[in-house]
Structures are given as C-alpha cells and as structure tokens.
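All remarks here apply to the structure that follows.
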Amino acid sequence: MELAASDTAILHREIEQAVDSLTAARDTSDALEALVEMTSVLDILTATQHELVNALLDRGATWSQVADALSTSSIGARRRFPRRQARQGSADDTDAPEALA
C-alpha cells in the first residue's frame, strides 16, 4: 500500500533521525552515551512503526495483513499496537475478534 507523499516525507525524516542516533551510538566509546542513543533509536522506530500500522489500517489494510508484516498474530498485533482514535470510515474493525481475552 502506497503512502501519501506527506506521510512518506515524515517516514523518511523519522528513519533519518533513527539512523543519526544509531550512527552516534556506533561512533562513541562511552557506554552510557551509546545506551542513550540506542534508546532513542528504539523510541523513534517504535513510534514510527505504530504510525505505519495506523496508516495501513486507515487505508484499508486488515489486522491480518498487518500481523503478517509484523510476523505475529492478529491479536498480538492489536495488543502491541493499540489503535489510536480511528478516522471516520476506516477499516479498524476488519478481522477484529469479538473480544480480546
């Protein structure tokens, strides 16, 4: 599924920030600084991953498709990436179980 140009620009910017932090972690000999940079990388990528999940669902992807891309189950994906307030007309409940136990 293609992203809108504005979403693609944001994605590229966020990935570049993660790459910069990863480079800083690689280039330092200070373990605490490396830990700070690696934590930043993980935070950036986790937030970006969550936004990509939401963007895919907003564009009609099912939880099954998202779960396949994440190498997990639909329920696992839903638990790991709770849905932000769905946009009107989104396919948020596609493949949704009746209740999560």
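Letters for chains follow the order of the structure tokens (A, B, ...), residue numbers begin at 1 for each chain, and ligand numbers begin at 1 in the order shown.
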Open item on the list: Taking 6 positions as the minimum chain separation for residues in the same chain, which residues sit within 12 Å of Thr48 in chain A when counting only C-alpha atoms? Answer as a VMD selection string.
Closed with: chain A and resid 7 to 8 10 to 18 41 to 42 54 to 55 81
Write the residues you've just listed into a file as a PDB file, in the first residue's frame, and include N, CA and C atoms for each of them.
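And here's result-v5.pdb as it stands now:
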```
ATOM      1  N   ASP A   7       3.054  11.674   4.075  1.00  0.00           N
ATOM      2  CA  ASP A   7       3.372  10.593   5.013  1.00  0.00           C
ATOM      3  C   ASP A   7       4.737   9.988   4.707  1.00  0.00           C
ATOM      4  N   THR A   8       5.064   9.865   3.429  1.00  0.00           N
ATOM      5  CA  THR A   8       6.364   9.332   3.031  1.00  0.00           C
ATOM      6  C   THR A   8       7.485  10.262   3.494  1.00  0.00           C
ATOM      7  N   ILE A  10       7.440  12.275   6.079  1.00  0.00           N
ATOM      8  CA  ILE A  10       7.555  12.118   7.532  1.00  0.00           C
ATOM      9  C   ILE A  10       8.289  10.821   7.863  1.00  0.00           C
ATOM     10  N   LEU A  11       7.940   9.742   7.181  1.00  0.00           N
ATOM     11  CA  LEU A  11       8.595   8.455   7.396  1.00  0.00           C
ATOM     12  C   LEU A  11      10.095   8.564   7.138  1.00  0.00           C
ATOM     13  N   HIS A  12      10.453   9.182   6.044  1.00  0.00           N
ATOM     14  CA  HIS A  12      11.874   9.342   5.703  1.00  0.00           C
ATOM     15  C   HIS A  12      12.602  10.165   6.762  1.00  0.00           C
ATOM     16  N   ARG A  13      11.968  11.230   7.233  1.00  0.00           N
ATOM     17  CA  ARG A  13      12.584  12.074   8.257  1.00  0.00           C
ATOM     18  C   ARG A  13      12.789  11.299   9.561  1.00  0.00           C
ATOM     19  N   GLU A  14      11.794  10.523   9.960  1.00  0.00           N
ATOM     20  CA  GLU A  14      11.909   9.753  11.200  1.00  0.00           C
ATOM     21  C   GLU A  14      12.974   8.664  11.085  1.00  0.00           C
ATOM     22  N   ILE A  15      13.050   8.015   9.953  1.00  0.00           N
ATOM     23  CA  ILE A  15      14.085   6.996   9.752  1.00  0.00           C
ATOM     24  C   ILE A  15      15.467   7.640   9.757  1.00  0.00           C
ATOM     25  N   GLU A  16      15.591   8.810   9.158  1.00  0.00           N
ATOM     26  CA  GLU A  16      16.875   9.521   9.164  1.00  0.00           C
ATOM     27  C   GLU A  16      17.289   9.883  10.586  1.00  0.00           C
ATOM     28  N   GLN A  17      16.332  10.284  11.423  1.00  0.00           N
ATOM     29  CA  GLN A  17      16.649  10.573  12.828  1.00  0.00           C
ATOM     30  C   GLN A  17      17.166   9.314  13.527  1.00  0.00           C
ATOM     31  N   ALA A  18      16.532   8.197  13.268  1.00  0.00           N
ATOM     32  CA  ALA A  18      16.970   6.934  13.865  1.00  0.00           C
ATOM     33  C   ALA A  18      18.373   6.564  13.385  1.00  0.00           C
ATOM     34  N   VAL A  41      16.977   5.459  19.306  1.00  0.00           N
ATOM     35  CA  VAL A  41      16.677   4.707  18.079  1.00  0.00           C
ATOM     36  C   VAL A  41      15.420   3.865  18.276  1.00  0.00           C
ATOM     37  N   LEU A  42      15.379   3.122  19.364  1.00  0.00           N
ATOM     38  CA  LEU A  42      14.233   2.247  19.619  1.00  0.00           C
ATOM     39  C   LEU A  42      12.943   3.045  19.789  1.00  0.00           C
ATOM     40  N   ASN A  54      -1.115   2.322  11.995  1.00  0.00           N
ATOM     41  CA  ASN A  54      -2.334   3.129  11.894  1.00  0.00           C
ATOM     42  C   ASN A  54      -2.597   3.586  10.467  1.00  0.00           C
ATOM     43  N   ALA A  55      -1.546   3.996   9.758  1.00  0.00           N
ATOM     44  CA  ALA A  55      -1.728   4.441   8.373  1.00  0.00           C
ATOM     45  C   ALA A  55      -2.238   3.303   7.497  1.00  0.00           C
ATOM     46  N   PHE A  81       0.008  -2.805  19.265  1.00  0.00           N
ATOM     47  CA  PHE A  81      -0.234  -1.517  18.625  1.00  0.00           C
ATOM     48  C   PHE A  81      -1.691  -1.109  18.798  1.00  0.00           C
TER      49      PHE A  81
END
```
Running DSSP on the backbone, which parts of chain A land in alpha helix (DSSP H), as a CSV table (one decimal) with N, CA, C and O atoms, in the first residue's frame?
```csv
chain,number,residue,atom,x,y,z
A,5,ALA,N,2.4,11.3,-0.2
A,5,ALA,CA,3.7,12.0,-0.3
A,5,ALA,C,4.0,12.6,1.1
A,5,ALA,O,5.2,12.5,1.5
A,6,SER,N,3.1,13.2,1.7
A,6,SER,CA,3.4,13.9,3.0
A,6,SER,C,3.7,12.8,4.1
A,6,SER,O,4.7,13.0,4.9
A,7,ASP,N,3.1,11.7,4.1
A,7,ASP,CA,3.4,10.6,5.0
A,7,ASP,C,4.7,10.0,4.7
A,7,ASP,O,5.5,9.6,5.6
A,8,THR,N,5.1,9.9,3.4
A,8,THR,CA,6.4,9.3,3.0
A,8,THR,C,7.5,10.3,3.5
A,8,THR,O,8.5,9.8,4.0
A,9,ALA,N,7.3,11.6,3.4
A,9,ALA,CA,8.3,12.5,3.8
A,9,ALA,C,8.5,12.4,5.3
A,9,ALA,O,9.7,12.5,5.8
A,10,ILE,N,7.4,12.3,6.1
A,10,ILE,CA,7.6,12.1,7.5
A,10,ILE,C,8.3,10.8,7.9
A,10,ILE,O,9.2,10.8,8.7
A,11,LEU,N,7.9,9.7,7.2
A,11,LEU,CA,8.6,8.5,7.4
A,11,LEU,C,10.1,8.6,7.1
A,11,LEU,O,10.9,8.1,7.9
A,12,HIS,N,10.5,9.2,6.0
A,12,HIS,CA,11.9,9.3,5.7
A,12,HIS,C,12.6,10.2,6.8
A,12,HIS,O,13.7,9.8,7.2
A,13,ARG,N,12.0,11.2,7.2
A,13,ARG,CA,12.6,12.1,8.3
A,13,ARG,C,12.8,11.3,9.6
A,13,ARG,O,13.9,11.4,10.2
A,14,GLU,N,11.8,10.5,10.0
A,14,GLU,CA,11.9,9.8,11.2
A,14,GLU,C,13.0,8.7,11.1
A,14,GLU,O,13.7,8.4,12.0
A,15,ILE,N,13.1,8.0,10.0
A,15,ILE,CA,14.1,7.0,9.8
A,15,ILE,C,15.5,7.6,9.8
A,15,ILE,O,16.4,7.1,10.3
A,16,GLU,N,15.6,8.8,9.2
A,16,GLU,CA,16.9,9.5,9.2
A,16,GLU,C,17.3,9.9,10.6
A,16,GLU,O,18.5,9.8,10.9
A,17,GLN,N,16.3,10.3,11.4
A,17,GLN,CA,16.6,10.6,12.8
A,17,GLN,C,17.2,9.3,13.5
A,17,GLN,O,18.1,9.4,14.3
A,18,ALA,N,16.5,8.2,13.3
A,18,ALA,CA,17.0,6.9,13.9
A,18,ALA,C,18.4,6.6,13.4
A,18,ALA,O,19.2,6.1,14.2
A,19,VAL,N,18.6,6.7,12.1
A,19,VAL,CA,20.0,6.5,11.6
A,19,VAL,C,21.0,7.3,12.2
A,19,VAL,O,22.1,6.9,12.6
A,20,ASP,N,20.7,8.6,12.4
A,20,ASP,CA,21.6,9.5,13.0
A,20,ASP,C,22.0,9.1,14.5
A,20,ASP,O,23.1,9.1,14.9
A,21,SER,N,20.9,8.7,15.2
A,21,SER,CA,21.2,8.2,16.6
A,21,SER,C,22.0,6.9,16.6
A,21,SER,O,22.8,6.7,17.4
A,22,LEU,N,21.7,6.0,15.6
A,22,LEU,CA,22.4,4.7,15.5
A,22,LEU,C,23.8,5.0,15.2
A,22,LEU,O,24.7,4.4,15.7
A,23,THR,N,24.1,5.9,14.3
A,23,THR,CA,25.5,6.3,13.9
A,23,THR,C,26.2,6.8,15.2
A,23,THR,O,27.4,6.5,15.4
A,24,ALA,N,25.5,7.7,15.9
A,24,ALA,CA,26.2,8.3,17.1
A,24,ALA,C,26.5,7.2,18.1
A,24,ALA,O,27.5,7.2,18.7
A,25,ALA,N,25.6,6.2,18.3
A,25,ALA,CA,25.8,5.1,19.2
A,25,ALA,C,27.0,4.2,18.7
A,25,ALA,O,27.8,3.8,19.5
A,26,ARG,N,27.1,4.0,17.4
A,26,ARG,CA,28.2,3.2,16.9
A,26,ARG,C,29.5,4.0,17.0
A,26,ARG,O,30.6,3.3,17.2
A,27,ASP,N,29.5,5.3,16.9
A,27,ASP,CA,30.8,6.0,16.9
A,27,ASP,C,31.3,6.4,18.3
A,27,ASP,O,32.4,7.0,18.3
A,31,ALA,N,29.9,4.0,27.0
A,31,ALA,CA,28.8,3.0,27.0
A,31,ALA,C,27.4,3.7,27.4
A,31,ALA,O,26.4,3.4,26.9
A,32,LEU,N,27.5,4.7,28.3
A,32,LEU,CA,26.2,5.4,28.7
A,32,LEU,C,25.7,6.2,27.5
A,32,LEU,O,24.5,6.2,27.2
A,33,GLU,N,26.6,6.9,26.8
A,33,GLU,CA,26.1,7.6,25.6
A,33,GLU,C,25.6,6.7,24.5
A,33,GLU,O,24.5,7.0,23.9
A,34,ALA,N,26.2,5.5,24.3
A,34,ALA,CA,25.7,4.5,23.4
A,34,ALA,C,24.3,4.1,23.8
A,34,ALA,O,23.4,3.9,23.0
A,35,LEU,N,24.1,3.8,25.1
A,35,LEU,CA,22.8,3.4,25.6
A,35,LEU,C,21.7,4.5,25.4
A,35,LEU,O,20.6,4.2,24.9
A,36,VAL,N,22.1,5.7,25.6
A,36,VAL,CA,21.1,6.8,25.4
A,36,VAL,C,20.7,6.9,23.9
A,36,VAL,O,19.6,7.0,23.5
A,37,GLU,N,21.7,6.8,23.0
A,37,GLU,CA,21.5,6.8,21.6
A,37,GLU,C,20.6,5.6,21.1
A,37,GLU,O,19.7,5.7,20.3
A,38,MET,N,21.0,4.4,21.6
A,38,MET,CA,20.2,3.2,21.2
A,38,MET,C,18.8,3.3,21.7
A,38,MET,O,17.8,2.9,21.0
A,39,THR,N,18.6,3.9,22.9
A,39,THR,CA,17.2,4.1,23.4
A,39,THR,C,16.4,5.0,22.5
A,39,THR,O,15.3,4.8,22.2
A,40,SER,N,17.1,6.0,22.1
A,40,SER,CA,16.5,7.0,21.1
A,40,SER,C,16.1,6.3,19.8
A,40,SER,O,15.0,6.5,19.3
A,41,VAL,N,17.0,5.5,19.3
A,41,VAL,CA,16.7,4.7,18.1
A,41,VAL,C,15.4,3.9,18.3
A,41,VAL,O,14.5,3.9,17.4
A,42,LEU,N,15.4,3.1,19.4
A,42,LEU,CA,14.2,2.2,19.6
A,42,LEU,C,12.9,3.0,19.8
A,42,LEU,O,11.9,2.6,19.3
A,43,ASP,N,13.0,4.2,20.5
A,43,ASP,CA,11.8,5.0,20.7
A,43,ASP,C,11.3,5.5,19.3
A,43,ASP,O,10.1,5.5,19.1
A,44,ILE,N,12.2,6.0,18.5
A,44,ILE,CA,11.8,6.6,17.2
A,44,ILE,C,11.2,5.5,16.3
A,44,ILE,O,10.1,5.7,15.8
A,45,LEU,N,11.9,4.4,16.3
A,45,LEU,CA,11.4,3.3,15.4
A,45,LEU,C,10.1,2.7,15.9
A,45,LEU,O,9.2,2.4,15.1
A,46,THR,N,9.9,2.6,17.2
A,46,THR,CA,8.7,2.1,17.7
A,46,THR,C,7.5,3.0,17.4
A,46,THR,O,6.4,2.6,17.0
A,47,ALA,N,7.7,4.3,17.6
A,47,ALA,CA,6.7,5.3,17.3
A,47,ALA,C,6.4,5.3,15.8
A,47,ALA,O,5.2,5.4,15.4
A,48,THR,N,7.4,5.2,15.0
A,48,THR,CA,7.2,5.2,13.5
A,48,THR,C,6.4,3.9,13.1
A,48,THR,O,5.5,4.0,12.3
A,49,GLN,N,6.8,2.8,13.7
A,49,GLN,CA,6.1,1.5,13.4
A,49,GLN,C,4.6,1.6,13.8
A,49,GLN,O,3.8,1.2,13.0
A,50,HIS,N,4.3,2.2,14.9
A,50,HIS,CA,3.0,2.4,15.4
A,50,HIS,C,2.2,3.3,14.4
A,50,HIS,O,1.0,2.9,14.0
A,51,GLU,N,2.8,4.3,13.9
A,51,GLU,CA,2.1,5.2,13.0
A,51,GLU,C,1.9,4.5,11.6
A,51,GLU,O,0.9,4.7,11.0
A,52,LEU,N,2.8,3.7,11.2
A,52,LEU,CA,2.7,2.9,10.0
A,52,LEU,C,1.5,1.9,10.1
A,52,LEU,O,0.7,1.8,9.2
A,53,VAL,N,1.4,1.3,11.3
A,53,VAL,CA,0.3,0.4,11.5
A,53,VAL,C,-1.0,1.2,11.3
A,53,VAL,O,-2.0,0.7,10.6
A,54,ASN,N,-1.1,2.3,12.0
A,54,ASN,CA,-2.3,3.1,11.9
A,54,ASN,C,-2.6,3.6,10.5
A,54,ASN,O,-3.7,3.6,10.0
A,55,ALA,N,-1.5,4.0,9.8
A,55,ALA,CA,-1.7,4.4,8.4
A,55,ALA,C,-2.2,3.3,7.5
A,55,ALA,O,-3.1,3.5,6.7
A,56,LEU,N,-1.7,2.1,7.7
A,56,LEU,CA,-2.2,1.0,6.9
A,56,LEU,C,-3.6,0.6,7.2
A,56,LEU,O,-4.4,0.4,6.3
A,57,LEU,N,-4.0,0.7,8.5
A,57,LEU,CA,-5.4,0.4,8.8
A,57,LEU,C,-6.3,1.5,8.3
A,57,LEU,O,-7.4,1.2,7.8
A,58,ASP,N,-5.8,2.7,8.3
A,58,ASP,CA,-6.6,3.8,7.8
A,58,ASP,C,-6.9,3.7,6.3
A,58,ASP,O,-7.9,4.1,5.7
A,63,TRP,N,-6.2,-6.3,10.0
A,63,TRP,CA,-5.2,-6.7,11.1
A,63,TRP,C,-4.5,-7.9,10.7
A,63,TRP,O,-3.3,-8.1,11.1
A,64,SER,N,-5.0,-8.8,9.9
A,64,SER,CA,-4.3,-10.0,9.5
A,64,SER,C,-3.1,-9.6,8.6
A,64,SER,O,-2.0,-10.2,8.7
A,65,GLN,N,-3.3,-8.7,7.7
A,65,GLN,CA,-2.2,-8.2,6.8
A,65,GLN,C,-1.1,-7.5,7.7
A,65,GLN,O,0.0,-7.8,7.4
A,66,VAL,N,-1.6,-6.7,8.6
A,66,VAL,CA,-0.6,-6.0,9.4
A,66,VAL,C,0.2,-7.0,10.3
A,66,VAL,O,1.4,-7.0,10.4
A,67,ALA,N,-0.5,-8.0,10.8
A,67,ALA,CA,0.1,-9.0,11.7
A,67,ALA,C,1.1,-9.8,10.8
A,67,ALA,O,2.2,-10.1,11.3
A,68,ASP,N,0.8,-10.2,9.6
A,68,ASP,CA,1.7,-10.9,8.7
A,68,ASP,C,3.0,-10.1,8.5
A,68,ASP,O,4.1,-10.6,8.6
A,69,ALA,N,2.8,-8.8,8.3
A,69,ALA,CA,4.0,-7.9,8.1
A,69,ALA,C,4.9,-7.8,9.4
A,69,ALA,O,6.1,-7.6,9.3
A,70,LEU,N,4.2,-7.9,10.5
A,70,LEU,CA,4.9,-7.9,11.8
A,70,LEU,C,5.4,-9.2,12.3
A,70,LEU,O,6.0,-9.3,13.4
A,74,SER,N,-2.8,-11.7,14.6
A,74,SER,CA,-3.7,-10.5,14.6
A,74,SER,C,-3.9,-10.0,16.0
A,74,SER,O,-3.8,-8.8,16.3
A,75,ILE,N,-4.2,-10.9,17.0
A,75,ILE,CA,-4.4,-10.5,18.3
A,75,ILE,C,-3.1,-9.9,18.9
A,75,ILE,O,-3.1,-8.8,19.6
A,76,GLY,N,-1.9,-10.5,18.6
A,76,GLY,CA,-0.7,-9.9,19.1
A,76,GLY,C,-0.4,-8.5,18.5
A,76,GLY,O,0.0,-7.6,19.2
A,77,ALA,N,-0.7,-8.3,17.3
A,77,ALA,CA,-0.6,-7.0,16.6
A,77,ALA,C,-1.5,-6.0,17.3
A,77,ALA,O,-1.1,-4.9,17.6
A,78,ARG,N,-2.7,-6.4,17.5
A,78,ARG,CA,-3.7,-5.4,18.2
A,78,ARG,C,-3.2,-5.1,19.6
A,78,ARG,O,-3.4,-4.0,20.0
A,79,ARG,N,-2.7,-6.0,20.3
A,79,ARG,CA,-2.2,-5.8,21.7
A,79,ARG,C,-1.0,-4.9,21.7
A,79,ARG,O,-0.8,-4.0,22.5
A,80,ARG,N,-0.1,-5.1,20.7
A,80,ARG,CA,1.2,-4.4,20.7
A,80,ARG,C,1.0,-3.0,20.2
A,80,ARG,O,1.7,-2.0,20.6
```
